[in-house]
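Source file target_2.txt; content: compact mmCIF, C-alpha atoms.
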# COMPACT_ATOMS: atom_id res chain seq x y z
CA MET A 1 172.33 184.77 93.57
CA ASP A 2 169.11 186.75 92.85
CA ASN A 3 168.97 190.27 91.36
CA SER A 4 168.16 192.00 94.66
CA SER A 5 171.24 190.47 96.30
CA ALA A 6 173.42 191.52 93.34
CA ASN A 7 172.06 195.09 93.55
CA ILE A 8 172.75 195.32 97.29
CA ASN A 9 176.31 194.07 96.78
CA ALA A 10 176.93 196.60 93.97
CA LEU A 11 175.62 199.42 96.15
CA ASP A 12 177.74 198.33 99.11
CA ALA A 13 180.79 198.12 96.84
CA LEU A 14 180.17 201.70 95.64
CA ILE A 15 179.83 202.98 99.21
CA GLN A 16 183.02 201.20 100.28
CA ALA A 17 184.85 202.62 97.25
CA LEU A 18 183.76 206.17 98.10
CA ARG A 19 184.94 205.66 101.70
CA ARG A 20 188.51 205.38 100.37
CA LEU A 21 188.50 209.15 99.80
CA PRO A 22 190.10 211.19 102.62
CA GLY A 23 187.65 212.52 105.17
CA VAL A 24 184.73 210.46 103.81
CA GLY A 25 183.02 208.25 106.37
CA LEU A 26 180.17 205.80 106.01
CA LYS A 27 177.40 208.42 106.16
CA SER A 28 179.01 210.73 103.61
CA ALA A 29 179.82 207.84 101.27
CA SER A 30 176.25 206.56 101.51
CA ARG A 31 174.86 210.03 100.79
CA MET A 32 177.09 210.38 97.70
CA ALA A 33 176.21 206.92 96.42
CA PHE A 34 172.47 207.46 96.89
CA HIS A 35 172.66 210.87 95.20
CA LEU A 36 174.50 209.53 92.15
CA LEU A 37 172.16 206.58 91.73
CA GLN A 38 168.96 208.48 92.43
CA HIS A 39 169.60 211.85 90.76
CA ASP A 40 172.65 211.69 88.49
CA ARG A 41 173.30 208.33 86.83
CA ALA A 42 174.81 210.11 83.83
CA GLY A 43 177.19 211.90 86.20
CA ALA A 44 178.09 208.57 87.80
CA GLN A 45 179.01 207.17 84.38
CA ILE A 46 181.11 210.26 83.58
CA MET A 47 182.86 209.98 86.96
CA ALA A 48 183.53 206.25 86.48
CA GLN A 49 185.01 206.83 83.02
CA ALA A 50 187.14 209.78 84.22
CA LEU A 51 188.50 207.70 87.11
CA ALA A 52 189.29 204.78 84.82
CA ASN A 53 191.05 207.07 82.33
CA ALA A 54 193.07 208.83 85.03
CA ALA A 55 194.08 205.57 86.69
CA SER A 56 195.35 204.14 83.40
CA GLN A 57 196.84 207.28 81.78
CA VAL A 58 198.27 209.50 84.53
CA LEU A 59 201.94 208.76 85.24
CA HIS A 60 204.76 210.28 87.29
CA CYS A 61 207.06 212.81 85.59
CA SER A 62 210.48 211.21 85.14
CA GLN A 63 212.15 214.40 86.38
CA CYS A 64 210.01 215.95 89.11
CA ASN A 65 207.73 213.03 90.07
CA THR A 66 204.47 214.97 89.74
CA PHE A 67 201.41 213.69 87.87
CA THR A 68 201.46 213.94 84.07
CA GLN A 69 200.30 212.06 80.99
CA ASN A 70 203.72 212.44 79.36
CA GLU A 71 207.15 211.16 80.36
CA VAL A 72 208.15 214.74 81.28
CA CYS A 73 205.55 217.21 82.62
CA ASN A 74 204.87 220.64 81.10
CA THR A 75 206.69 222.45 83.91
CA CYS A 76 209.91 220.45 83.56
CA SER A 77 209.86 220.79 79.76
CA ASP A 78 209.33 224.59 79.88
CA VAL A 79 212.68 226.16 78.94
CA GLN A 80 211.47 229.53 80.28
CA ARG A 81 211.52 228.23 83.86
CA ASP A 82 214.49 229.06 86.09
CA GLN A 83 216.60 225.90 85.84
CA THR A 84 218.75 226.86 88.85
CA ARG A 85 216.00 226.76 91.50
CA LEU A 86 214.22 223.62 92.66
CA CYS A 87 211.25 223.75 95.03
CA VAL A 88 210.56 220.55 96.99
CA VAL A 89 206.93 219.92 97.92
CA GLU A 90 205.05 216.99 99.43
CA THR A 91 202.19 216.59 96.95
CA PRO A 92 200.97 217.70 93.50
CA ALA A 93 198.28 219.72 95.33
CA ASP A 94 201.05 221.68 97.11
CA GLN A 95 202.77 222.27 93.77
CA LEU A 96 199.53 223.57 92.27
CA ALA A 97 199.03 225.92 95.25
CA LEU A 98 202.51 227.41 94.73
CA GLU A 99 201.98 227.72 90.98
CA ARG A 100 198.73 229.61 91.46
CA THR A 101 200.54 232.34 93.40
CA GLY A 102 202.67 233.17 90.35
CA ALA A 103 205.55 233.89 92.74
CA PHE A 104 207.81 230.99 91.73
CA LYS A 105 209.25 230.50 88.25
CA GLY A 106 211.67 227.65 88.94
CA LEU A 107 211.27 223.88 88.87
CA TYR A 108 209.75 221.42 91.34
CA PHE A 109 210.33 218.04 92.89
CA VAL A 110 207.23 216.35 94.32
CA LEU A 111 207.97 213.88 97.11
CA MET A 112 204.51 212.24 97.00
CA GLY A 113 204.54 212.12 100.79
CA LYS A 114 206.57 212.95 103.87
CA LEU A 115 208.76 211.05 106.29
CA SER A 116 206.67 209.29 108.92
CA PRO A 117 208.50 206.39 110.60
CA LEU A 118 205.43 205.48 112.67
CA ASP A 119 203.54 204.86 109.42
CA GLY A 120 206.44 203.01 107.83
CA ILE A 121 207.27 205.85 105.44
CA GLY A 122 211.02 206.32 105.15
CA PRO A 123 213.39 207.93 102.62
CA ASN A 124 212.85 205.19 100.02
CA GLU A 125 209.07 205.60 100.09
CA ILE A 126 209.20 209.31 99.20
CA GLY A 127 212.01 209.11 96.65
CA LEU A 128 214.76 211.06 98.40
CA LYS A 129 217.39 209.19 96.38
CA LYS A 130 215.76 210.42 93.16
CA LEU A 131 215.72 213.98 94.54
CA PHE A 132 219.42 213.90 95.41
CA GLN A 133 220.24 212.44 91.99
CA ARG A 134 218.32 215.23 90.29
CA VAL A 135 220.17 217.88 92.26
CA GLN A 136 223.48 216.18 91.45
CA THR A 137 222.86 216.01 87.69
CA SER A 138 221.15 219.37 87.15
CA PRO A 139 222.41 222.99 87.27
CA ILE A 140 220.55 223.54 90.58
CA GLU A 141 221.93 226.39 92.71
CA GLU A 142 219.13 226.63 95.28
CA VAL A 143 216.78 224.05 96.76
CA ILE A 144 213.69 225.55 98.39
CA LEU A 145 212.15 223.27 101.02
CA ALA A 146 208.39 223.80 100.85
CA THR A 147 207.22 220.83 102.89
CA ASN A 148 204.31 221.49 105.21
CA PHE A 149 204.85 222.95 108.68
CA THR A 150 203.78 219.77 110.44
CA ALA A 151 206.06 217.58 112.57
CA GLU A 152 206.52 215.19 109.63
CA GLY A 153 207.05 218.03 107.16
CA GLU A 154 209.71 219.61 109.38
CA THR A 155 211.47 216.25 109.78
CA THR A 156 211.41 215.75 106.01
CA ALA A 157 212.86 219.23 105.42
CA HIS A 158 215.61 218.58 108.00
CA VAL A 159 216.62 215.26 106.43
CA ILE A 160 216.76 216.82 102.95
CA SER A 161 218.77 219.77 104.26
CA GLU A 162 221.26 217.45 105.94
CA GLY A 163 221.52 215.36 102.78
CA LEU A 164 222.39 218.42 100.70
CA LYS A 165 225.00 219.79 103.11
CA ALA A 166 227.88 218.06 101.33
CA ARG A 167 226.93 219.68 98.03
CA SER A 168 227.64 223.35 97.34
CA ILE A 169 223.96 224.20 96.99
CA LYS A 170 222.00 226.89 98.80
CA VAL A 171 219.16 225.36 100.84
CA THR A 172 216.28 227.60 101.94
CA ARG A 173 212.99 226.98 103.76
CA LEU A 174 209.64 228.66 103.30
CA ALA A 175 209.30 231.58 105.69
CA ARG A 176 207.04 231.19 108.69
CA GLY A 177 204.32 233.20 107.03
CA VAL A 178 202.62 229.86 106.49
CA PRO A 179 200.83 228.92 109.74
CA ILE A 180 202.34 226.03 111.71
CA GLY A 181 200.31 222.86 111.38
CA SER A 182 198.79 223.93 108.06
CA GLU A 183 198.90 222.27 104.66
CA LEU A 184 199.75 224.36 101.60
CA GLU A 185 196.69 223.49 99.54
CA TYR A 186 194.48 225.09 102.23
CA VAL A 187 196.56 228.26 102.81
CA ASP A 188 195.48 231.51 101.11
CA LEU A 189 197.54 232.50 98.07
CA GLY A 190 198.81 235.79 99.52
CA THR A 191 200.34 234.01 102.50
CA ILE A 192 202.06 231.46 100.26
CA ALA A 193 203.42 234.21 97.98
CA HIS A 194 204.86 236.15 100.95
CA ALA A 195 206.36 232.97 102.37
CA LEU A 196 208.14 232.32 99.07
CA VAL A 197 209.47 235.88 98.80
CA ASP A 198 210.67 235.90 102.43
CA ARG A 199 212.19 232.43 102.40
CA ARG A 200 215.37 231.96 104.41

Please lay out the structure from this file as structure tokens.
Amino acid sequence: MDNSSANINALDALIQALRRLPGVGLKSASRMAFHLLQHDRAGAQIMAQALANAASQVLHCSQCNTFTQNEVCNTCSDVQRDQTRLCVVETPADQLALERTGAFKGLYFVLMGKLSPLDGIGPNEIGLKKLFQRVQTSPIEEVILATNFTAEGETTAHVISEGLKARSIKVTRLARGVPIGSELEYVDLGTIAHALVDRR
């Protein structure tokens, strides 16, 4: 194989790797790859190293399932948090959005997804068993369902609510201040804060 062929393959591999990002098609991936190689090779090296480090060092918290570099994340290990309230979200991005409002001082459980039978995502794929175990073994008095207001998010909230019915735990849902069909990470902070305060 000559050098030109090797270079073309490396470039194609970079473009295909960038296409794995959500919302990035062939044109966008090509533009990013060309920019990095033409204008910012140092940035490309920094990005490659950061990705390698994150992929090898970032784990799931043993308690809430979010991303962390320790066995237990900073939120779960903070004794100042309200240990009686657990907010269930779909993704770490949703958790971060809620945290930035400053309106919630309890703990979280991150599902890392939502129920979607058509995509083959059932209760086992999003760790519902782990959630129910946490509720069972912790002093949780209220579970706040903060899944997104999409069809899948509503289904996920319903299944969790039904699963908690047998336990003497208060189950609430974010108020409808969050627009239907939206995802938390894209909703303005004021709306999220009001939704938390007005939860039912």

Could you give me, as a Markdown table, a per-residue list for region 118-148 of chain A showing, wherever an atom lies at most 10 Å from an atom of region 91-112 of chain A, the closest pair of atoms and their distance in Å to one decimal, using all atoms listed in the file and sorting by chain then residue number from low to high?
| residue | atom | partner | partner_atom | distance |
| --- | --- | --- | --- | --- |
| A:Pro123 | CA | A:Leu111 | CA | 9.8 |
| A:Glu125 | CA | A:Met112 | CA | 8.6 |
| A:Ile126 | CA | A:Leu111 | CA | 5.2 |
| A:Gly127 | CA | A:Leu111 | CA | 6.3 |
| A:Leu128 | CA | A:Leu111 | CA | 7.5 |
| A:Lys130 | CA | A:Phe109 | CA | 9.4 |
| A:Leu131 | CA | A:Phe109 | CA | 6.9 |
| A:Arg134 | CA | A:Phe109 | CA | 8.9 |
| A:Val135 | CA | A:Phe109 | CA | 9.9 |
| A:Ile140 | CA | A:Leu107 | CA | 9.4 |
| A:Glu142 | CA | A:Gly106 | CA | 9.8 |
| A:Val143 | CA | A:Tyr108 | CA | 9.3 |
| A:Ile144 | CA | A:Tyr108 | CA | 9.1 |
| A:Leu145 | CA | A:Phe109 | CA | 9.8 |
| A:Ala146 | CA | A:Asp94 | CA | 8.5 |
| A:Thr147 | CA | A:Asp94 | CA | 8.5 |
| A:Asn148 | CA | A:Asp94 | CA | 8.7 |

Counting only C-alpha atoms, the residue of A:Val89, A:Ala55, A:Leu21, A:Leu14 that sits nearest His35 (chain A):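 Counting only C-alpha atoms, the residue closest to His35 (chain A) is A:Leu14.
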
When you draw a straight line from CA of Ala29 (chain A) to CA of Ala54 (chain A), how long is it in Å?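 Separating CA of Ala29 (chain A) from CA of Ala54 (chain A) is a distance of 21.0 Å.
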
Considering all atoms listed in the file, state which residue in the set A:Gly190, A:Gly25, A:Pro139, A:Pro179 is at the smallest distance from Gln83 (chain A). A:Pro139

Contacts of Ala175 (chain A) at 12 Å or less, counting all atoms listed in the file, minus same-chain residues fewer than 5 places along, as a VMD selection string? chain A and resid 144 to 149 180 191 to 200

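Counting only C-alpha atoms and comparing A:Val178, A:Val72, A:Cys87, A:Leu18, the residue that lies closest to Leu59 (chain A) is A:Val72.
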
What is the distance, in Å and to one decimal place, between CA of Cys73 (chain A) and CA of Leu184 (chain A)? 21.1 Å

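Relative to CA of Leu189 (chain A), CA of Glu90 (chain A) is found at 17.3 Å.
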
Using the file's own x, y and z axes, so that the box edges lie along x, y and z, what centre and edge lengths in Å (one decimal) does a box around every listed atom of region 123-130 of chain A get when 5 Å is added on each side? Give it as lines of an AutoDock Vina configuration file.
center_x = 213.2
center_y = 208.1
center_z = 97.9
size_x = 18.3
size_y = 15.9
size_z = 19.5

Polymer residues at most 9 Å from Leu164 (chain A), all atoms listed in the file, same-chain spacing of 5 or more positions, as number ranges by chain: A: 132, 135, 143, 159, 169-171

Can you spit out the residues from that selection as an mmCIF file, in the coordinates of the input, using C-alpha atoms?
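Listed below is the output, result03.cif:
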data_model
loop_
_atom_site.group_PDB
_atom_site.id
_atom_site.type_symbol
_atom_site.label_atom_id
_atom_site.label_comp_id
_atom_site.auth_asym_id
_atom_site.auth_seq_id
_atom_site.Cartn_x
_atom_site.Cartn_y
_atom_site.Cartn_z
ATOM 1 C CA PHE A 132 219.420 213.900 95.410
ATOM 2 C CA VAL A 135 220.170 217.880 92.260
ATOM 3 C CA VAL A 143 216.780 224.050 96.760
ATOM 4 C CA VAL A 159 216.620 215.260 106.430
ATOM 5 C CA ILE A 169 223.960 224.200 96.990
ATOM 6 C CA LYS A 170 222.000 226.890 98.800
ATOM 7 C CA VAL A 171 219.160 225.360 100.840
#

Do you know which residues are at most 10 Å from Lys27 (chain A) counting all atoms listed in the file, after dropping those on the same chain fewer than 6 positions away, and could you put them as a tab-separated table (two decimals) with C-alpha atoms, in the coordinates of the input?
chain	number	residue	atom	x	y	z
A	15	ILE	CA	179.83	202.98	99.21
A	19	ARG	CA	184.94	205.66	101.70
A	33	ALA	CA	176.21	206.92	96.42

Using only C-alpha atoms and a cutoff of 10 Å, can you tell me which residues are near (209.2, 219.6, 82.9) in the file's coordinates, and write them out as a PyMOL selection string? chain A and resi 61-66+68+70-79+81+107-108

For the residues in the current selection, export C-alpha atoms as a PDB file, keeping the file's coordinate frame.
ATOM      1  CA  CYS A  61     207.060 212.810  85.590  1.00  0.00           C
ATOM      2  CA  SER A  62     210.480 211.210  85.140  1.00  0.00           C
ATOM      3  CA  GLN A  63     212.150 214.400  86.380  1.00  0.00           C
ATOM      4  CA  CYS A  64     210.010 215.950  89.110  1.00  0.00           C
ATOM      5  CA  ASN A  65     207.730 213.030  90.070  1.00  0.00           C
ATOM      6  CA  THR A  66     204.470 214.970  89.740  1.00  0.00           C
ATOM      7  CA  THR A  68     201.460 213.940  84.070  1.00  0.00           C
ATOM      8  CA  ASN A  70     203.720 212.440  79.360  1.00  0.00           C
ATOM      9  CA  GLU A  71     207.150 211.160  80.360  1.00  0.00           C
ATOM     10  CA  VAL A  72     208.150 214.740  81.280  1.00  0.00           C
ATOM     11  CA  CYS A  73     205.550 217.210  82.620  1.00  0.00           C
ATOM     12  CA  ASN A  74     204.870 220.640  81.100  1.00  0.00           C
ATOM     13  CA  THR A  75     206.690 222.450  83.910  1.00  0.00           C
ATOM     14  CA  CYS A  76     209.910 220.450  83.560  1.00  0.00           C
ATOM     15  CA  SER A  77     209.860 220.790  79.760  1.00  0.00           C
ATOM     16  CA  ASP A  78     209.330 224.590  79.880  1.00  0.00           C
ATOM     17  CA  VAL A  79     212.680 226.160  78.940  1.00  0.00           C
ATOM     18  CA  ARG A  81     211.520 228.230  83.860  1.00  0.00           C
ATOM     19  CA  LEU A 107     211.270 223.880  88.870  1.00  0.00           C
ATOM     20  CA  TYR A 108     209.750 221.420  91.340  1.00  0.00           C
TER      21      TYR A 108
END
